Amino acid sequence: MPDPSQYKTPLFDAMVSLAESRKISFHTPGHKSGKGIATRFVKYVGPNIFSIDLTTLDEVDSLQKPTGVIKEAQELAAKAYGADRSFFLLNGTTVGNHAMIMTVCNPGDGILAARNCHKSVLAGAILAGARTQFIYPVMDAALMMSMNVTFDSVRQAVESAAPEIKVLVITSPNYYGICADLERIIPFAHGRGMTVLVDEAHGPHLGFHPELPKSALSCGADMVVQSTHKIIGGMTQASMMHARAGRVDVMTLAGVLKVLQTTSPSYILMASLDLARMQMATEGEKLLSKALTLARWARGEINGTEGFRCLEKKDVLLRGMGDLDETKLAINVSGLGMTGYQVSQALNMEHDIQVEMADPFHVLVIVSIGDRKEDVSRLVDALHKIADGRPSAGGQPPASKKFDWEQVKPPMGTPQGFPIADGPKPIDGPQPGDRSPREAFFAAHELVLLDKCAGRLSSEIVTVYPPGIPMLVPGEVITKDVVDYLSRVSAMGGTVDGLAEDGRIGVVR
Ligand SMILES: Cc1ncc(COP(=O)(O)O)c(C=O)c1O
């Protein structure tokens with residue numbers, strides 16, 4: 001039986017009540033409950049949404065200084081997720097990662113971070129002036145995939161880290177749903193006096209179903225950020241941060257968030273967090289059961305189709321990972337002789353199906369509480385057609401099957417997220433170690449064409465987006481392997497983000 005208090009949605013209720021009171025507004029937002037909104041917009045979305053697009057008022061509380069319904073809504077979230085304090089975030093998990101690092105690091109402090117972190121972790125280090133040392137995820141050549149860090153690689157890295165490094169940052173699950181073994185990693189790191197921060201952007205649903213991986217909080221994490229908008233009912237940009245008092249000074253965290261967050265938070269986004277929490281806490285298990293059943297059915301169908309291979313739980317457990325979120329379908333398409341980008345394009349252009357992400361070898365499908373059997377069946381059917389080389393009705397034949405796989409292997413052995421070795425690389429190896437990401441980011445710099453920059457130091461974060469994992473970190477030596485890889489991914493249709501915007505193509509700061 002759900003906790004009866006979790007049916008409450010204090011913020012949303014207060015917003016509706018204020019909107020329905022029809023008080024005359026002489027305050028922001030300037031559209032005055034939709035009366036000043038362009039007609040086409042109102043016509044498309046309807047009028048109600050504008051009547052709850054509110055500003056900070058007594059009736060609906062203040063995010064900067066919550067004492068009323070926002071405080072209550074955040075307390076309900078903390079209770080549902082098992083945190084001491086929860087905070088609503090309006091700039092996604094991005095701002096949460098910035099805040100986590102700024103809360104626990106003073107300038108010059110060090111963090112030990114899994115190298116498959118999102119670029120916002122690096123940005124957090126830049127903002128805080130923290131030094132970084134990395135733990136490399138397993139690159140599995142058979143699965144053609146960068147997985148997550150193992151317990152052993154974390155243990156080795158922690159044991160060899162400089163004593164002043166007191167913060168461990170793990171991303172779990174990763175984009176593909178692969179979880180690190182947090183049940184072992186977190187107690188070990190705590191035993192070494194470290195504070196553990198987990199970027200759980202892809203896991204706001206964990207903890208609400210017994211067959212999903214354990215949540216980071218339930219494994220003892222000190223601070224966790226989740227993109228409520230990515231997987232459950234939050235609207236885009238709406239995320240949550242959860243903290244445990246003890247190793248983290250929650251008052252400092254609240255103060256950091258006040259500095260980083262907007263003073264004009266969207267009440268619509270915050271209401272979506274209030275309602276998403278209510279939904280998970282009261283009927284999450286039922287909804288997630290449905291998503292799991294659909295994903296398991298699709299996985300079976302896809303794995304029964306020649307040319308595709310969808311990642312399974314046993315694949316990740318065998319490789320020292322903690323668990324797999326089965327609602328993510330990471331489908332290796334290399335057996336078709338096509339890239340993930342080509343299959344993604346074919347799904348979109350010929351079958352009107354859009355996937356979350358593609359990489360050279362995979363397409364990634366998110367199955368969530370919003371999916372229906374007919375949607376998932378259409379995906380499976382479309383994949384069958386692509387595998388058969390059959391064009392859809394009126395569509396184009398599938399993309400070329402003459403793809404040279406040797407040309408698209410990621411730069412094995414380099415530090416940019418795709419190393420083969422399972423274990424930490426020496427700090428003085430690829431990382432010059434004498435410049436923090438902040439020093440390198442703000443250092444005097446010049447713009448260099450991508451194909452001319454091998455051997456130089458990057459002062460920019462360069463990622464392939466999605467997933468937004470830095471291929472280049474400020475202060476890191478740019479290797480030829482990475483230059484080649486970025487060029488190839490770009491030529492294949494991947495988006496390289498972080499190249500300087502001076503109009504020339506492929507320019508690195
Ligand atoms: C692991 C990870 N962390 C953080 C983020 C940033 O999250 P948001 O888009 O909610 O700011 C992403 C986005 O893709 C992500 O994949």
# chains A, B, ... in the order shown; residues from 1 in each chain; ligands from 1
call {"tool": "residues_near_ligand", "arguments": {"ligand": "ligand 1", "cutoff": "8 Å", "atoms": "only C-alpha atoms and all ligand atoms", "output": "compact mmCIF listing (two decimals) with C-alpha atoms, in the first residue's frame"}}
result
# COMPACT_ATOMS: atom_id res chain seq x y z
CA ASN A 91 18.06 23.48 -15.51
CA GLY A 92 18.02 19.72 -15.67
CA THR A 93 20.57 17.41 -14.15
CA THR A 94 23.15 19.76 -15.59
CA VAL A 95 22.66 22.27 -12.77
CA GLY A 96 22.54 19.41 -10.26
CA ASN A 97 25.96 18.19 -11.34
CA CYS A 117 30.61 11.31 -16.98
CA HIS A 118 28.39 13.84 -18.72
CA LYS A 119 30.01 17.11 -19.71
CA SER A 120 28.13 18.86 -16.88
CA VAL A 121 30.34 17.03 -14.37
CA THR A 171 27.44 7.97 -13.47
CA SER A 172 24.94 5.16 -12.99
CA PRO A 173 22.98 4.03 -14.92
CA ASN A 174 24.80 5.20 -18.01
CA TYR A 175 22.91 6.14 -21.16
CA ASP A 199 24.75 11.24 -11.57
CA GLU A 200 21.57 9.18 -11.84
CA ALA A 201 20.18 11.23 -14.74
CA HIS A 202 18.86 8.05 -16.30
CA GLN A 226 18.07 12.58 -11.52
CA SER A 227 16.56 13.79 -14.79
CA THR A 228 12.91 13.30 -13.89
CA HIS A 229 12.15 14.60 -17.38
CA LYS A 230 14.19 11.95 -19.18
CA THR A 236 11.83 18.79 -20.15
CA GLN A 237 14.45 20.47 -17.89
CA ALA A 238 12.75 19.32 -14.67
CA SER A 239 15.15 17.31 -12.53
CA PRO A 466 24.32 12.60 -27.43
CA PRO A 467 25.54 11.08 -25.14
CA GLY A 468 27.56 14.16 -24.18
CA ILE A 469 30.48 12.25 -22.70
call {"tool": "residues_around", "arguments": {"residues": "Leu317 in chain A", "least_positions_apart": "6", "cutoff": "12 Å", "atoms": "only C-alpha atoms", "output": "list in words"}}
result
Met147, Asn148, Thr150, Ile178, Cys179, Ala180, Asp181, Pro213, Leu311, Asp323, Leu324 and Asp325 of chain A
call {"tool": "write_last_selection", "arguments": {"atoms": "N, CA, C and O atoms", "output": "short mmCIF file (atom, residue, chain, number, x, y, z; two decimals), in the first residue's frame"}}
result
data_model
loop_
_atom_site.label_atom_id
_atom_site.label_comp_id
_atom_site.auth_asym_id
_atom_site.auth_seq_id
_atom_site.Cartn_x
_atom_site.Cartn_y
_atom_site.Cartn_z
N MET A 147 31.18 0.54 -21.41
CA MET A 147 30.20 0.11 -20.41
C MET A 147 30.22 1.07 -19.23
O MET A 147 30.01 2.25 -19.40
N ASN A 148 30.51 0.57 -18.03
CA ASN A 148 30.62 1.46 -16.88
C ASN A 148 31.88 1.08 -16.14
O ASN A 148 32.60 0.17 -16.56
N THR A 150 34.06 -0.67 -13.17
CA THR A 150 33.85 -1.85 -12.31
C THR A 150 34.26 -1.51 -10.88
O THR A 150 34.97 -0.52 -10.64
N ILE A 178 23.32 0.80 -18.15
CA ILE A 178 24.29 -0.06 -17.45
C ILE A 178 24.68 0.59 -16.12
O ILE A 178 25.21 1.71 -16.10
N CYS A 179 24.43 -0.14 -15.05
CA CYS A 179 24.71 0.40 -13.71
C CYS A 179 26.04 -0.11 -13.19
O CYS A 179 26.39 -1.28 -13.37
N ALA A 180 26.75 0.79 -12.53
CA ALA A 180 27.97 0.36 -11.82
C ALA A 180 27.54 -0.39 -10.56
O ALA A 180 26.39 -0.27 -10.12
N ASP A 181 28.47 -1.14 -9.99
CA ASP A 181 28.14 -1.95 -8.82
C ASP A 181 28.16 -1.07 -7.56
O ASP A 181 29.06 -1.16 -6.72
N PRO A 213 17.16 -1.98 -11.33
CA PRO A 213 18.37 -1.87 -10.51
C PRO A 213 18.10 -1.04 -9.25
O PRO A 213 17.22 -0.18 -9.23
N LEU A 311 21.32 -5.54 -25.97
CA LEU A 311 22.05 -5.79 -24.72
C LEU A 311 21.14 -6.43 -23.67
O LEU A 311 20.00 -6.00 -23.48
N ASP A 323 24.27 -3.92 -12.70
CA ASP A 323 22.94 -4.33 -13.15
C ASP A 323 22.63 -3.64 -14.47
O ASP A 323 23.40 -2.79 -14.93
N LEU A 324 21.50 -4.02 -15.07
CA LEU A 324 21.03 -3.36 -16.30
C LEU A 324 19.59 -2.94 -16.09
O LEU A 324 18.77 -3.72 -15.60
N ASP A 325 19.29 -1.70 -16.48
CA ASP A 325 17.91 -1.25 -16.52
C ASP A 325 17.33 -1.78 -17.82
O ASP A 325 17.67 -1.30 -18.91
#
call {"tool": "select_by_dssp", "arguments": {"residues": "range 194-399 of chain A", "states": "strand (DSSP E or B)", "output": "PyMOL selection string"}}
result
chain A and resi 195-199+223-226+239-243+245+248+309-310+323-324+328-332+357-358+362-366
call {"tool": "closest_residue", "arguments": {"among": "A:Met280, A:Ala382, A:Met349, A:Leu447", "to": "Ile369 in chain A", "atoms": "only C-alpha atoms"}}
result
A:Met280
call {"tool": "residues_around", "arguments": {"residues": "Asn106 in chain A", "least_positions_apart": "6", "cutoff": "12 Å", "atoms": "only C-alpha atoms", "output": "mmCIF file with N, CA, C and O atoms, in the first residue's frame"}}
result
data_model
loop_
_atom_site.group_PDB
_atom_site.id
_atom_site.type_symbol
_atom_site.label_atom_id
_atom_site.label_comp_id
_atom_site.auth_asym_id
_atom_site.auth_seq_id
_atom_site.Cartn_x
_atom_site.Cartn_y
_atom_site.Cartn_z
ATOM 1 N N MET A 100 26.420 19.798 -7.130
ATOM 2 C CA MET A 100 27.030 18.752 -6.296
ATOM 3 C C MET A 100 28.508 19.022 -6.102
ATOM 4 O O MET A 100 29.039 18.945 -4.996
ATOM 5 N N GLY A 124 31.026 21.314 -13.836
ATOM 6 C CA GLY A 124 31.000 21.500 -12.375
ATOM 7 C C GLY A 124 32.413 21.673 -11.841
ATOM 8 O O GLY A 124 32.667 22.524 -10.977
ATOM 9 N N ALA A 125 33.342 20.881 -12.377
ATOM 10 C CA ALA A 125 34.737 20.996 -11.936
ATOM 11 C C ALA A 125 35.318 22.347 -12.360
ATOM 12 O O ALA A 125 36.088 22.965 -11.615
ATOM 13 N N ILE A 126 34.922 22.813 -13.539
ATOM 14 C CA ILE A 126 35.405 24.129 -13.997
ATOM 15 C C ILE A 126 34.871 25.218 -13.065
ATOM 16 O O ILE A 126 35.610 26.091 -12.614
ATOM 17 N N LEU A 127 33.588 25.145 -12.761
ATOM 18 C CA LEU A 127 32.984 26.167 -11.892
ATOM 19 C C LEU A 127 33.611 26.150 -10.501
ATOM 20 O O LEU A 127 33.866 27.193 -9.907
ATOM 21 N N ALA A 128 33.835 24.940 -9.980
ATOM 22 C CA ALA A 128 34.349 24.825 -8.613
ATOM 23 C C ALA A 128 35.859 25.018 -8.542
ATOM 24 O O ALA A 128 36.411 25.213 -7.462
ATOM 25 N N GLY A 129 36.536 24.934 -9.695
ATOM 26 C CA GLY A 129 38.001 24.988 -9.680
ATOM 27 C C GLY A 129 38.602 23.691 -9.156
ATOM 28 O O GLY A 129 39.712 23.666 -8.623
ATOM 29 N N ALA A 130 37.857 22.582 -9.331
ATOM 30 C CA ALA A 130 38.334 21.288 -8.821
ATOM 31 C C ALA A 130 39.255 20.623 -9.826
ATOM 32 O O ALA A 130 39.079 20.757 -11.031
ATOM 33 N N ARG A 131 40.234 19.897 -9.305
ATOM 34 C CA ARG A 131 41.091 19.069 -10.159
ATOM 35 C C ARG A 131 40.392 17.732 -10.387
ATOM 36 O O ARG A 131 39.620 17.300 -9.543
ATOM 37 N N GLU A 164 44.434 13.775 -0.869
ATOM 38 C CA GLU A 164 43.522 14.933 -0.750
ATOM 39 C C GLU A 164 42.262 14.784 -1.603
ATOM 40 O O GLU A 164 41.348 15.603 -1.521
ATOM 41 N N ILE A 165 42.203 13.729 -2.419
ATOM 42 C CA ILE A 165 40.978 13.532 -3.209
ATOM 43 C C ILE A 165 39.941 12.844 -2.341
ATOM 44 O O ILE A 165 40.111 11.706 -1.927
ATOM 45 N N LYS A 166 38.869 13.539 -2.077
ATOM 46 C CA LYS A 166 37.882 13.053 -1.116
ATOM 47 C C LYS A 166 36.496 12.860 -1.726
ATOM 48 O O LYS A 166 35.515 12.667 -1.010
ATOM 49 N N VAL A 167 36.411 13.005 -3.040
ATOM 50 C CA VAL A 167 35.101 12.952 -3.687
ATOM 51 C C VAL A 167 35.128 11.977 -4.855
ATOM 52 O O VAL A 167 36.025 12.039 -5.701
ATOM 53 N N THR A 252 24.865 24.054 2.882
ATOM 54 C CA THR A 252 25.745 24.580 1.820
ATOM 55 C C THR A 252 25.150 24.259 0.460
ATOM 56 O O THR A 252 25.103 25.114 -0.427
#
call {"tool": "residues_around", "arguments": {"residues": "Lys290 in chain A", "least_positions_apart": "2", "cutoff": "10 Å", "atoms": "only C-alpha atoms", "output": "ChimeraX atom specification"}}
result
/A:284-288,292-296,367-373
call {"tool": "write_last_selection", "arguments": {"atoms": "C-alpha atoms", "output": "mmCIF file, in the first residue's frame"}}
result
data_model
loop_
_atom_site.group_PDB
_atom_site.id
_atom_site.type_symbol
_atom_site.label_atom_id
_atom_site.label_comp_id
_atom_site.auth_asym_id
_atom_site.auth_seq_id
_atom_site.Cartn_x
_atom_site.Cartn_y
_atom_site.Cartn_z
ATOM 1 C CA GLY A 284 5.013 3.486 -10.047
ATOM 2 C CA GLU A 285 5.294 -0.255 -9.642
ATOM 3 C CA LYS A 286 2.233 -0.918 -11.808
ATOM 4 C CA LEU A 287 3.326 1.512 -14.525
ATOM 5 C CA LEU A 288 6.901 0.285 -14.540
ATOM 6 C CA LEU A 292 9.340 -3.727 -18.280
ATOM 7 C CA THR A 293 6.985 -6.223 -19.928
ATOM 8 C CA LEU A 294 7.016 -4.246 -23.183
ATOM 9 C CA ALA A 295 10.793 -3.868 -23.142
ATOM 10 C CA ARG A 296 11.343 -7.554 -22.398
ATOM 11 C CA VAL A 367 10.806 2.243 -23.274
ATOM 12 C CA SER A 368 8.936 4.101 -20.565
ATOM 13 C CA ILE A 369 5.670 4.370 -18.691
ATOM 14 C CA GLY A 370 4.364 6.339 -21.663
ATOM 15 C CA ASP A 371 4.702 3.557 -24.234
ATOM 16 C CA ARG A 372 1.932 1.352 -25.588
ATOM 17 C CA LYS A 373 2.134 -2.131 -27.053
#
call {"tool": "atom_distance", "arguments": {"atom1": "CA of Leu76 in chain A", "atom2": "CA of Asp274 in chain A"}}
result
8.4 Å
call {"tool": "closest_atom_pairs", "arguments": {"of": "range 365-384 of chain A", "to": "range 329-345 of chain A", "cutoff": "12 Å", "atoms": "only C-alpha atoms", "output": "Markdown table"}}
result
| residue | atom | partner | partner_atom | distance |
| --- | --- | --- | --- | --- |
| A:Val365 | CA | A:Leu329 | CA | 5.0 |
| A:Ile366 | CA | A:Leu329 | CA | 6.4 |
| A:Val367 | CA | A:Leu329 | CA | 7.5 |
| A:Ser368 | CA | A:Leu329 | CA | 10.9 |
| A:Val376 | CA | A:Leu329 | CA | 11.2 |
| A:Leu379 | CA | A:Ser344 | CA | 11.3 |
| A:Val380 | CA | A:Ile331 | CA | 11.4 |
| A:Ala382 | CA | A:Val343 | CA | 10.2 |
| A:Leu383 | CA | A:Val343 | CA | 8.6 |
| A:His384 | CA | A:Leu336 | CA | 11.3 |
call {"tool": "residues_around", "arguments": {"residues": "Gly34 in chain A", "least_positions_apart": "6", "cutoff": "12 Å", "atoms": "only C-alpha atoms", "output": "ChimeraX atom specification"}}
result
/A:19,25,28,40-43,45-54
call {"tool": "residues_around", "arguments": {"residues": "Thr195 in chain A", "least_positions_apart": "6", "cutoff": "12 Å", "atoms": "only C-alpha atoms", "output": "PyMOL selection string"}}
result
chain A and resi 100-101+103-105+110-113+158+165-170+185-189+220-224+243-249
call {"tool": "select_by_dssp", "arguments": {"residues": "range 125-310 of chain A", "states": "alpha helix (DSSP H)", "output": "PyMOL selection string"}}
result
chain A and resi 125-128+151-160+182-191+228-231+250-260+267-303
